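Q: Pasting entry.txt below, which is compact mmCIF, C-alpha atoms.
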```txt
# COMPACT_ATOMS: atom_id res chain seq x y z
CA MET A 1 0.00 0.00 0.00
CA LYS A 2 2.87 2.32 0.87
CA GLY A 3 4.48 1.58 -2.51
CA LEU A 4 1.26 2.42 -4.33
CA PHE A 5 0.97 5.72 -2.46
CA SER A 6 4.59 6.61 -3.33
CA PHE A 7 3.99 5.84 -7.01
CA ALA A 8 0.85 8.01 -7.08
CA PHE A 9 2.67 10.88 -5.35
CA LEU A 10 5.59 10.63 -7.80
CA PHE A 11 3.19 10.60 -10.77
CA PHE A 12 1.47 13.74 -9.43
CA ILE A 13 4.86 15.53 -9.10
CA VAL A 14 5.86 14.65 -12.68
CA LEU A 15 2.48 15.73 -14.09
CA THR A 16 2.63 19.08 -12.25
CA SER A 17 6.18 19.74 -13.43
CA SER A 18 5.25 19.01 -17.05
CA ALA A 19 2.36 21.47 -16.91
CA GLN A 20 4.62 24.17 -15.50
CA LEU A 21 7.27 23.61 -18.18
CA ALA A 22 4.77 23.66 -21.06
CA PRO A 23 5.31 26.74 -23.21
CA ASN A 24 2.69 29.48 -23.16
CA VAL A 25 1.09 29.96 -26.58
CA ASP A 26 0.04 33.42 -27.66
CA PRO A 27 -3.65 33.07 -28.70
CA GLU A 28 -3.14 35.54 -31.58
CA ARG A 29 -0.26 33.45 -32.94
CA ALA A 30 -1.82 30.06 -32.35
CA PRO A 31 -2.69 28.28 -35.62
CA GLN A 32 -6.25 29.12 -36.68
CA PRO A 33 -8.26 27.98 -39.71
CA PRO A 34 -7.90 30.70 -42.38
CA ASP A 35 -10.78 32.98 -43.26
CA THR A 36 -11.84 33.58 -46.87
CA ILE A 37 -12.65 37.13 -48.00
CA LEU A 38 -14.55 37.53 -51.27
CA LEU A 39 -14.10 41.01 -52.73
CA ASN A 40 -16.61 42.74 -54.98
CA ASN A 41 -14.12 42.64 -57.87
CA GLY A 42 -14.07 38.84 -57.74
CA LYS A 43 -10.70 38.46 -56.03
CA ILE A 44 -10.35 36.11 -53.08
CA LEU A 45 -8.13 36.67 -50.05
CA VAL A 46 -7.33 33.76 -47.74
CA THR A 47 -6.01 35.18 -44.49
CA GLN A 48 -6.85 35.74 -40.82
CA VAL A 49 -9.54 38.28 -39.92
CA VAL A 50 -8.66 40.18 -36.74
CA ASP A 51 -11.50 42.70 -36.39
CA THR A 52 -14.68 43.63 -38.27
CA VAL A 53 -15.85 46.53 -36.08
CA GLY A 54 -16.34 49.89 -37.80
CA GLU A 55 -15.98 50.80 -41.47
CA MET A 56 -12.84 48.72 -42.00
CA VAL A 57 -11.97 45.05 -41.66
CA THR A 58 -8.59 44.38 -40.09
CA VAL A 59 -6.76 41.29 -41.37
CA ILE A 60 -3.33 39.73 -41.21
CA LYS A 61 -1.51 40.68 -44.39
CA PRO A 62 -1.34 37.56 -46.62
CA ASN A 63 2.11 35.90 -46.63
CA SER A 64 3.33 38.21 -43.87
CA HIS A 65 5.80 36.38 -41.62
CA LYS A 66 5.62 39.22 -39.10
CA HIS A 67 1.80 39.04 -38.90
CA LYS A 68 1.50 42.61 -40.16
CA LYS A 69 -2.07 43.92 -40.00
CA VAL A 70 -3.78 45.77 -42.83
CA GLU A 71 -7.27 47.24 -43.23
CA ILE A 72 -9.79 46.66 -46.01
CA ASP A 73 -12.74 48.96 -46.64
CA LYS A 74 -16.01 47.11 -46.12
CA GLU A 75 -17.40 48.77 -49.26
CA GLY A 76 -15.09 46.55 -51.31
CA ILE A 77 -16.02 43.29 -49.55
CA PHE A 78 -18.86 41.02 -50.61
CA SER A 79 -18.54 38.41 -47.86
CA ILE A 80 -16.25 36.75 -45.34
CA ARG A 81 -16.36 33.03 -44.62
CA PHE A 82 -14.83 32.35 -41.22
CA GLY A 83 -12.68 29.22 -41.11
CA SER A 84 -13.35 28.51 -37.44
CA THR A 85 -17.13 28.24 -37.86
CA GLY A 86 -17.71 27.87 -41.61
CA LYS A 87 -20.23 30.73 -41.39
CA GLU A 88 -20.39 33.31 -44.20
CA ASP A 89 -21.14 36.91 -43.24
CA ILE A 90 -22.44 39.07 -46.11
CA PHE A 91 -21.08 42.64 -46.10
CA TYR A 92 -22.53 43.61 -49.48
CA THR A 93 -25.75 45.62 -49.31
CA TYR A 94 -28.14 46.55 -52.08
CA ASP A 95 -27.78 50.33 -52.41
CA THR A 96 -27.94 52.07 -55.79
CA LEU A 97 -26.58 55.28 -54.24
CA VAL A 98 -23.15 53.69 -53.84
CA GLY A 99 -23.22 51.70 -57.08
CA HIS A 100 -24.55 48.44 -55.60
CA ASP A 101 -27.23 47.95 -58.22
CA TYR A 102 -27.79 44.24 -57.66
CA LYS A 103 -29.43 42.39 -54.81
CA VAL A 104 -27.26 39.89 -52.93
CA ASP A 105 -28.03 36.81 -55.06
CA GLU A 106 -27.59 38.77 -58.30
CA ALA A 107 -24.39 40.36 -57.01
CA ARG A 108 -22.98 36.89 -56.32
CA LYS A 109 -23.70 35.92 -59.93
CA PHE A 110 -22.07 39.16 -61.13
CA ILE A 111 -18.92 38.27 -59.17
CA GLU A 112 -18.92 34.75 -60.60
CA GLY A 113 -18.96 36.35 -64.06
CA GLU A 114 -15.98 38.52 -63.12
CA GLN A 115 -14.07 35.49 -61.85
CA ASP A 116 -14.76 33.34 -64.91
CA ALA A 117 -13.72 36.11 -67.29
CA GLN A 118 -10.58 36.78 -65.26
CA HIS A 119 -9.51 33.14 -65.46
CA GLY A 120 -10.93 32.07 -68.81
CA PHE A 121 -10.82 35.07 -71.17
CA HIS A 122 -7.31 35.59 -72.57
CA ALA A 123 -7.76 37.96 -75.56
CA VAL A 124 -5.11 36.12 -77.59
CA GLY A 125 -6.45 37.24 -80.97
CA ILE A 126 -6.52 40.96 -80.22
CA SER A 127 -3.06 40.71 -78.61
CA ILE A 128 -1.62 39.31 -81.83
CA ILE A 129 -3.39 41.92 -83.98
CA SER A 130 -2.29 44.80 -81.73
CA PHE A 131 1.31 43.56 -81.70
CA THR A 132 1.36 43.27 -85.49
CA VAL A 133 -0.14 46.75 -85.96
CA GLY A 134 2.37 48.14 -83.46
CA VAL A 135 5.37 46.66 -85.22
CA ALA A 136 4.14 47.83 -88.63
CA SER A 137 3.34 51.38 -87.49
CA GLY A 138 6.56 51.75 -85.49
CA ALA A 139 8.68 50.47 -88.34
CA THR A 140 6.92 52.65 -90.92
CA LEU A 141 6.28 55.89 -89.06
CA GLY A 142 8.90 55.78 -86.32
CA GLY A 143 8.95 57.94 -83.20
CA ILE A 144 5.83 59.00 -81.36
CA LEU A 145 3.72 58.83 -84.52
CA GLY A 146 4.14 55.08 -84.44
CA LEU A 147 2.01 54.93 -81.32
CA ALA A 148 -1.07 56.38 -83.00
CA PRO A 149 -2.37 53.31 -84.93
CA PRO A 150 -2.08 50.69 -82.13
CA PHE A 151 -3.49 53.03 -79.48
CA THR A 152 -6.35 54.02 -81.77
CA LEU A 153 -7.06 50.32 -82.27
CA ALA A 154 -7.07 49.81 -78.49
CA GLY A 155 -9.64 52.59 -78.17
CA PHE A 156 -11.94 51.09 -80.77
CA ILE A 157 -11.59 47.59 -79.34
CA THR A 158 -13.60 48.53 -76.25
CA TYR A 159 -16.86 48.59 -78.25
CA PRO A 160 -17.31 45.17 -79.96
CA ARG A 161 -19.48 42.68 -78.09
CA ILE A 162 -17.75 40.13 -75.88
CA LYS A 163 -18.44 36.50 -76.72
CA VAL A 164 -18.62 34.37 -73.59
CA ARG A 165 -16.27 31.40 -73.89
CA HIS A 166 -18.24 28.35 -72.77
CA LYS A 167 -15.11 26.57 -71.55
CA SER A 168 -14.54 29.36 -69.06
CA VAL A 169 -18.05 29.13 -67.55
CA ARG A 170 -17.80 26.95 -64.45
CA ASN A 171 -21.57 26.77 -63.92
CA LYS A 172 -23.31 26.36 -67.28
CA ALA A 173 -26.60 27.57 -65.79
CA ASN A 174 -25.01 31.02 -65.48
CA GLY A 175 -24.90 31.34 -69.26
CA THR A 176 -28.40 32.88 -69.31
CA ASN A 177 -28.11 34.99 -66.15
CA ASP A 178 -27.99 38.73 -66.91
CA ALA A 179 -25.97 39.68 -63.83
CA TYR A 180 -23.41 36.97 -64.57
CA LEU A 181 -23.12 37.99 -68.23
CA TYR A 182 -22.66 41.64 -67.29
CA GLY A 183 -19.89 40.81 -64.80
CA TYR A 184 -18.20 38.64 -67.42
CA ASP A 185 -18.54 41.35 -70.07
CA ILE A 186 -17.07 44.15 -67.96
CA THR A 187 -14.03 42.12 -66.90
CA ALA A 188 -13.41 40.68 -70.37
CA ARG A 189 -13.62 44.11 -72.00
CA ARG A 190 -11.13 45.49 -69.49
CA LYS A 191 -8.72 42.62 -70.14
CA ARG A 192 -9.08 42.96 -73.90
CA THR A 193 -8.37 46.70 -73.81
CA LEU A 194 -5.37 46.33 -71.49
CA HIS A 195 -3.92 43.54 -73.63
CA SER A 196 -4.40 45.66 -76.74
CA PHE A 197 -2.56 48.62 -75.19
CA LEU A 198 0.20 46.39 -73.81
CA TRP A 199 0.98 44.39 -76.92
CA GLY A 200 0.42 47.35 -79.21
CA GLY A 201 2.99 49.29 -77.18
CA ILE A 202 5.50 46.42 -77.21
CA GLY A 203 5.08 46.00 -80.95
CA THR A 204 5.53 49.73 -81.53
CA ILE A 205 8.78 49.79 -79.54
CA ILE A 206 10.13 46.92 -81.63
CA GLY A 207 9.00 48.70 -84.80
CA ILE A 208 10.72 51.95 -83.76
CA ILE A 209 13.95 50.02 -83.12
CA ILE A 210 13.97 48.56 -86.63
CA HIS A 211 12.69 51.82 -88.23
CA PRO A 212 16.17 53.23 -89.07
CA SER A 213 17.22 50.07 -90.90
CA ILE A 214 14.06 50.21 -93.04
CA ILE A 215 14.51 53.91 -93.86
CA ASN A 216 18.16 53.43 -94.83
CA GLN A 217 17.43 50.63 -97.26
```
Can you present the structure in this file as structure tokens?
A:
Amino acid sequence: MKGLFSFAFLFFIVLTSSAQLAPNVDPERAPQPPDTILLNNGKILVTQVVDTVGEMVTVIKPNSHKHKKVEIDKEGIFSIRFGSTGKEDIFYTYDTLVGHDYKVDEARKFIEGEQDAQHGFHAVGISIISFTVGVASGATLGGILGLAPPFTLAGFITYPRIKVRHKSVRNKANGTNDAYLYGYDITARRKRTLHSFLWGGIGTIIGIIIHPSIINQ
């Protein structure tokens, strides 16, 4: 009996010592399931939300090893899905005075259109055309005049209708949804115009470089 009592007492001493030696973990730095922030422009941020009080949402800057905190305006956030609970809080509100012309369900479809266009619309054809026009105009006209044709083309290219690429539509049922199609159209037009300016400019620079050799022939 005495031996059993001694063993129990020794076990209690070891258990107490282990608890005292255990490192203290800072709750803010303890591993937590990441939260997912869906922005109104379709972008997704996976990070840790610190505070949602007030007009701003405070989060840990993504990929920050020092846990630097940054603030995001709530006006730019559609929703936050909290990793610890799985609950999604909607921050978007229907308000035409601030440009929120869609109700929540429609706004979600609009964002899906933005996302699909961002990932699936590549504007390869207009990039090739703009590059070719840029090279030709730079080589022929030279100097700043060489920028006129490709940049004029980029201006005109904002008007033609966008054709939705079916391969880029994740949910085929969205193909007839007006809010989805509008979100897709706006993002695709923006990408097409930017690609036209970019490749037209690159082509023009190359054309200007080879302009002297053409003139001297």
Q: Considering only C-alpha atoms, state which residue in the set A:Val124, A:Val50, A:Ile205, A:Val70 is at the smallest distance from Ala139 (chain A).
A: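 Using only C-alpha atoms, Ala139 (chain A) sits closest to A:Ile205.
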Q: Which one of A:Asn174, A:Gln115, A:Thr47, A:Asn40 sits closest to Ile60 (chain A) if you count all atoms listed in the file?
A: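 Closest to Ile60 (chain A) of all the choices is A:Thr47.
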Q: Just to confirm, what's the straight-line distance from CA of Gln32 (chain A) to CA of Arg81 (chain A) in Å (one decimal)?
A: 13.4 Å
Q: For each of A:Gly138, A:Gly146, A:Tyr159, A:Arg192, take the minimum atom-to-atom distance to Ile206 (chain A), counting all atoms listed in the file, then give the residue where this is smallest.
A: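 Once distances to Ile206 (chain A) are computed over all atoms listed in the file, the minimum belongs to A:Gly138.
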Q: Between A:Gly203, A:Phe197, A:Val135, A:His119, which is the closest to Lys167 (chain A) once you count all atoms listed in the file?
A: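 Among the listed residues, the smallest separation from Lys167 (chain A) belongs to A:His119.
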Q: Calculated over all atoms listed in the file, which of the candidates A:Val133, A:Ile77, A:Ile186, A:Ile202 has the smallest distance to Thr152 (chain A)?
A: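 For Thr152 (chain A), the nearest of the candidates is A:Val133.
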Q: Restricting the calculation to all atoms listed in the file, which member of A:Ile162, A:Ile37, A:Glu112, A:Ile44 is positioned closest to Ile90 (chain A)?
A: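 Looking only at the distances to Ile90 (chain A), the closest residue turns out to be A:Ile37.
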Q: Output as a tab-separated table one row per residue of region 88-137 of chain A within 9 Å of region 169-172 of chain A: the closest atom pair and its distance in Å to one decimal place, counting all atoms listed in the file, sorted by chain and residue number ascending.
A:
```
residue	atom	partner	partner_atom	distance
A:Glu112	CA	A:Arg170	CA	8.8
A:Gly113	CA	A:Val169	CA	8.1
A:Asp116	CA	A:Val169	CA	6.0
A:Ala117	CA	A:Val169	CA	8.2
A:Gly120	CA	A:Val169	CA	7.8
```
Q: Write out as a PyMOL selection string the residues lying within 8 Å of Met56 (chain A), counting all atoms listed in the file and excluding same-chain residues fewer than 5 positions away.
A: chain A and resi 71-74
